[in-house]
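K.L.:
This is the content of query_28.cif (mmCIF, C-alpha atoms):
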```cif
data_input
loop_
_atom_site.label_atom_id
_atom_site.label_comp_id
_atom_site.auth_asym_id
_atom_site.auth_seq_id
_atom_site.Cartn_x
_atom_site.Cartn_y
_atom_site.Cartn_z
CA MET A 133 38.31 1.64 40.95
CA ASN A 134 35.55 3.47 39.16
CA PHE A 135 32.94 1.55 37.19
CA ASP A 136 31.94 3.18 33.93
CA PHE A 137 28.32 2.46 33.01
CA PHE A 138 28.96 3.02 29.30
CA ASP A 139 31.47 0.14 29.17
CA GLY A 140 28.52 -2.23 29.61
CA LEU A 141 26.69 -0.55 26.77
CA GLY A 142 29.75 -0.97 24.57
CA PHE A 143 29.61 -4.74 25.20
CA ILE A 144 25.94 -4.82 24.17
CA ASP A 145 26.75 -2.83 21.03
CA ASP A 146 29.54 -5.26 20.13
CA LEU A 147 27.21 -8.21 20.70
CA LEU A 148 24.48 -6.71 18.49
CA SER A 149 26.93 -5.84 15.73
CA PHE A 150 28.31 -9.40 15.84
CA PHE A 151 24.88 -10.95 15.37
CA GLY A 152 23.81 -8.29 12.85
CA SER A 153 26.82 -8.79 10.59
CA SER A 154 26.82 -12.57 10.59
CA SER A 155 26.60 -13.95 7.07
CA ASP A 156 24.45 -16.88 8.27
CA PHE A 157 21.93 -14.45 9.73
CA LYS A 158 21.69 -12.46 6.51
CA SER A 159 21.39 -15.50 4.32
CA PHE A 160 18.61 -16.83 6.55
CA ASN A 161 16.67 -13.58 6.19
CA GLU A 162 17.19 -13.54 2.44
CA LYS A 163 15.95 -17.12 2.15
CA GLU A 164 12.82 -16.30 4.16
CA LYS A 165 12.08 -13.25 2.03
CA SER A 166 12.52 -15.16 -1.21
CA LYS A 167 10.15 -17.92 -0.07
CA LYS A 168 7.39 -15.49 0.84
CA LYS A 169 7.65 -13.31 -2.25
CA SER A 170 5.78 -14.47 -5.30
CA LYS A 171 6.78 -13.62 -8.84
CA TYR A 172 3.36 -12.19 -9.73
CA MET A 173 2.44 -10.47 -6.47
CA VAL A 174 1.96 -7.00 -8.03
CA GLU A 175 -0.29 -8.39 -10.75
CA TRP A 176 -2.30 -10.35 -8.19
CA TRP A 177 -2.90 -7.26 -6.03
CA SER A 178 -3.68 -5.12 -9.08
CA GLY A 179 -6.14 -7.65 -10.47
CA SER A 180 -7.93 -8.06 -7.17
CA LEU A 181 -8.19 -4.28 -6.72
CA LEU A 182 -9.57 -3.94 -10.25
CA LEU A 183 -12.14 -6.68 -9.60
CA LEU A 184 -13.24 -5.08 -6.32
CA SER A 185 -13.48 -1.65 -7.92
CA ALA A 186 -15.58 -3.03 -10.79
CA ILE A 187 -17.98 -4.60 -8.29
CA LEU A 188 -18.23 -1.38 -6.29
CA ILE A 189 -18.78 0.75 -9.41
CA PHE A 190 -21.53 -1.67 -10.50
CA PHE A 191 -23.29 -1.16 -7.16
CA VAL A 192 -23.04 2.62 -7.53
CA PHE A 193 -24.30 2.90 -11.11
CA LYS A 194 -26.89 0.10 -11.26
CA ASN A 195 -29.64 2.51 -10.14
CA PRO A 196 -30.08 5.98 -11.62
CA LEU A 197 -28.28 8.62 -9.62
CA PRO A 198 -29.58 12.10 -8.76
CA ALA A 199 -29.31 14.40 -11.77
CA GLU A 200 -28.43 17.65 -10.04
CA ASN A 201 -24.71 18.44 -9.92
CA PHE A 202 -23.88 14.93 -11.15
CA THR A 203 -20.71 15.92 -13.04
CA GLN A 204 -19.46 18.09 -10.22
CA THR A 205 -20.04 15.28 -7.72
CA LEU A 206 -18.08 12.80 -9.86
CA ILE A 207 -15.18 15.26 -10.23
CA VAL A 208 -15.05 15.97 -6.50
CA CYS A 209 -15.20 12.26 -5.62
CA SER A 210 -12.43 11.55 -8.13
CA MET A 211 -10.24 14.27 -6.64
CA ILE A 212 -10.82 12.98 -3.11
CA GLY A 213 -9.91 9.49 -4.32
CA LEU A 214 -6.71 10.80 -5.94
CA VAL A 215 -5.64 12.56 -2.76
CA ILE A 216 -6.28 9.46 -0.64
CA SER A 217 -4.37 7.34 -3.19
CA PHE A 218 -1.39 9.68 -3.11
CA VAL A 219 -1.35 9.47 0.69
CA VAL A 220 -1.33 5.67 0.40
CA PHE A 221 1.48 5.83 -2.18
CA PHE A 222 3.48 8.13 0.09
CA ALA A 223 3.05 5.75 3.03
CA LEU A 224 4.02 2.73 0.91
CA TYR A 225 7.09 4.58 -0.36
CA HIS A 226 8.27 5.36 3.15
CA LEU A 227 7.68 1.77 4.22
CA GLY A 228 9.84 0.61 1.31
CA LEU A 229 7.00 -1.24 -0.41
CA TYR A 230 6.51 1.08 -3.40
CA TYR A 231 9.16 -0.07 -5.86
CA PHE A 232 8.63 -1.86 -9.13
CA LYS A 233 10.86 -3.65 -11.63
CA SER A 234 9.03 -2.40 -14.70
CA LEU A 235 7.00 0.57 -15.80
CA PHE A 236 4.05 -1.69 -16.64
CA LYS A 237 3.82 -3.01 -13.06
CA PHE A 238 4.07 0.52 -11.70
CA LEU A 239 1.29 1.84 -13.94
CA LEU A 240 -0.93 -1.22 -13.39
CA PHE A 241 -0.71 -1.06 -9.61
CA SER A 242 -1.05 2.72 -9.42
CA SER A 243 -4.05 2.91 -11.72
CA SER A 244 -5.82 0.00 -10.03
CA GLN A 245 -5.20 1.57 -6.60
CA ILE A 246 -6.55 4.94 -7.77
CA LEU A 247 -9.63 3.33 -9.36
CA PHE A 248 -10.31 1.30 -6.22
CA VAL A 249 -10.12 4.30 -3.89
CA VAL A 250 -12.29 6.42 -6.21
CA SER A 251 -14.90 3.64 -6.32
CA VAL A 252 -14.87 3.36 -2.52
CA VAL A 253 -15.41 7.13 -2.25
CA LEU A 254 -18.28 6.90 -4.74
CA VAL A 255 -19.90 4.07 -2.78
CA VAL A 256 -19.57 5.99 0.46
CA TYR A 257 -20.96 9.14 -1.15
CA PHE A 258 -23.93 7.69 -3.01
CA LYS A 259 -24.92 4.61 -1.05
CA SER A 260 -24.43 5.74 2.53
CA GLY A 261 -27.16 8.38 2.34
CA ILE A 262 -25.17 10.76 4.55
CA PHE A 263 -24.45 13.32 1.83
CA ILE A 264 -27.65 13.13 -0.23
#
```
Just give me the structure of the file as structure tokens.
P.N.:
Amino acid sequence: MNFDFFDGLGFIDDLLSFFGSSSDFKSFNEKEKSKKKSKYMVEWWSGSLLLLSAILIFFVFKNPLPAENFTQTLIVCSMIGLVISFVVFFALYHLGLYYFKSLFKFLLFSSSQILFVVSVVLVVYFKSGIFI
């Protein structure tokens, strides 16, 4: 009588598929997700990112900045911020968190994320003293 090791694995697979396809299990997960998700979560994140970016931009521009290559520096910082934002969008898309029910929510979140990252890059560039 030969014992086949893969027969034991078949039992484990059957057990996992039984618990994974149970309607009670799915309804429990759906109830937990609906409790945690707020109706205005995208607007809340977008508003908080806009507020933080406004504060950071105020700290950057409250004192006069160096005049040489000012426009070029702003363009380069904006491009770096766009690239970092697109990397964040790509990561959120692959995690399944970058979907929106309306075009307005999509544009609001994307623009606030881009503005926040650009303002962080500007703060790091001008206020850290590393690059100047």
K.L.:
For A:Val220, which of A:Ser180, A:Ser251, A:Ser242, A:Ser234 is the closest residue, counting all atoms listed in the file?
P.N.:
A:Ser242
K.L.:
For the PyMOL selection byres ((chain A and resi 192-194) around 8), applied here, can you spell out every residue it catches as a list in words?
P.N.:
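Taken on the displayed file, the PyMOL selection byres ((chain A and resi 192-194) around 8) yields the residues Leu188, Ile189, Phe190, Phe191, Asn195, Pro196, Leu197, Leu254, Val255, Phe258 and Lys259 of chain A.
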K.L.:
Write out as a ChimeraX atom specification each polymer residue whose atoms come within 10 Å of A:Leu214, counting all atoms listed in the file; drop sequence neighbours fewer than 5 positions from it.
P.N.:
/A:208-209,219-220,245-247,249-250
K.L.:
Given the selection you just returned, output its residues as a file containing C-alpha atoms, formatted as a tab-separated table (two decimals), keeping the file's coordinate frame.
P.N.:
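The result, stored in result_15.tsv:
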```tsv
chain	number	residue	atom	x	y	z
A	208	VAL	CA	-15.05	15.97	-6.50
A	209	CYS	CA	-15.20	12.26	-5.62
A	219	VAL	CA	-1.35	9.47	0.69
A	220	VAL	CA	-1.33	5.67	0.40
A	245	GLN	CA	-5.20	1.57	-6.60
A	246	ILE	CA	-6.55	4.94	-7.77
A	247	LEU	CA	-9.63	3.33	-9.36
A	249	VAL	CA	-10.12	4.30	-3.89
A	250	VAL	CA	-12.29	6.42	-6.21
```
K.L.:
Atom CA of A:Gly213 and atom CA of A:Leu183, how far apart in Å?
P.N.:
17.2 Å
K.L.:
When distances are computed from only C-alpha atoms, which of A:Ser178, A:Leu206, A:Val215, A:Glu200 shows the smallest separation from A:Phe236?
P.N.:
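The answer is A:Ser178, which sits nearest to A:Phe236.
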K.L.:
May I ask for the distance between atom CA of A:Ala223 and atom CA of A:Leu235, given in Å to one decimal place?
P.N.:
19.9 Å
K.L.:
Quick check, in Å to one decimal: how far apart do atom CA of A:Thr203 and atom CA of A:Phe222 lie?
P.N.:
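For atom CA of A:Thr203 relative to atom CA of A:Phe222, the distance reads 28.6 Å.
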K.L.:
Evaluated on this file, the PyMOL selection byres ((chain A and resi 232) around 12) picks out some residues - which ones are they, written as a list of chain:residue names?
P.N.:
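Those residues are A:Lys171, A:Tyr172, A:Met173, A:Val174, A:Glu175, A:Leu224, A:Tyr225, A:Gly228, A:Leu229, A:Tyr230, A:Tyr231, A:Lys233, A:Ser234, A:Leu235, A:Phe236, A:Lys237, A:Phe238, A:Leu239, A:Leu240, A:Phe241, A:Ser242.
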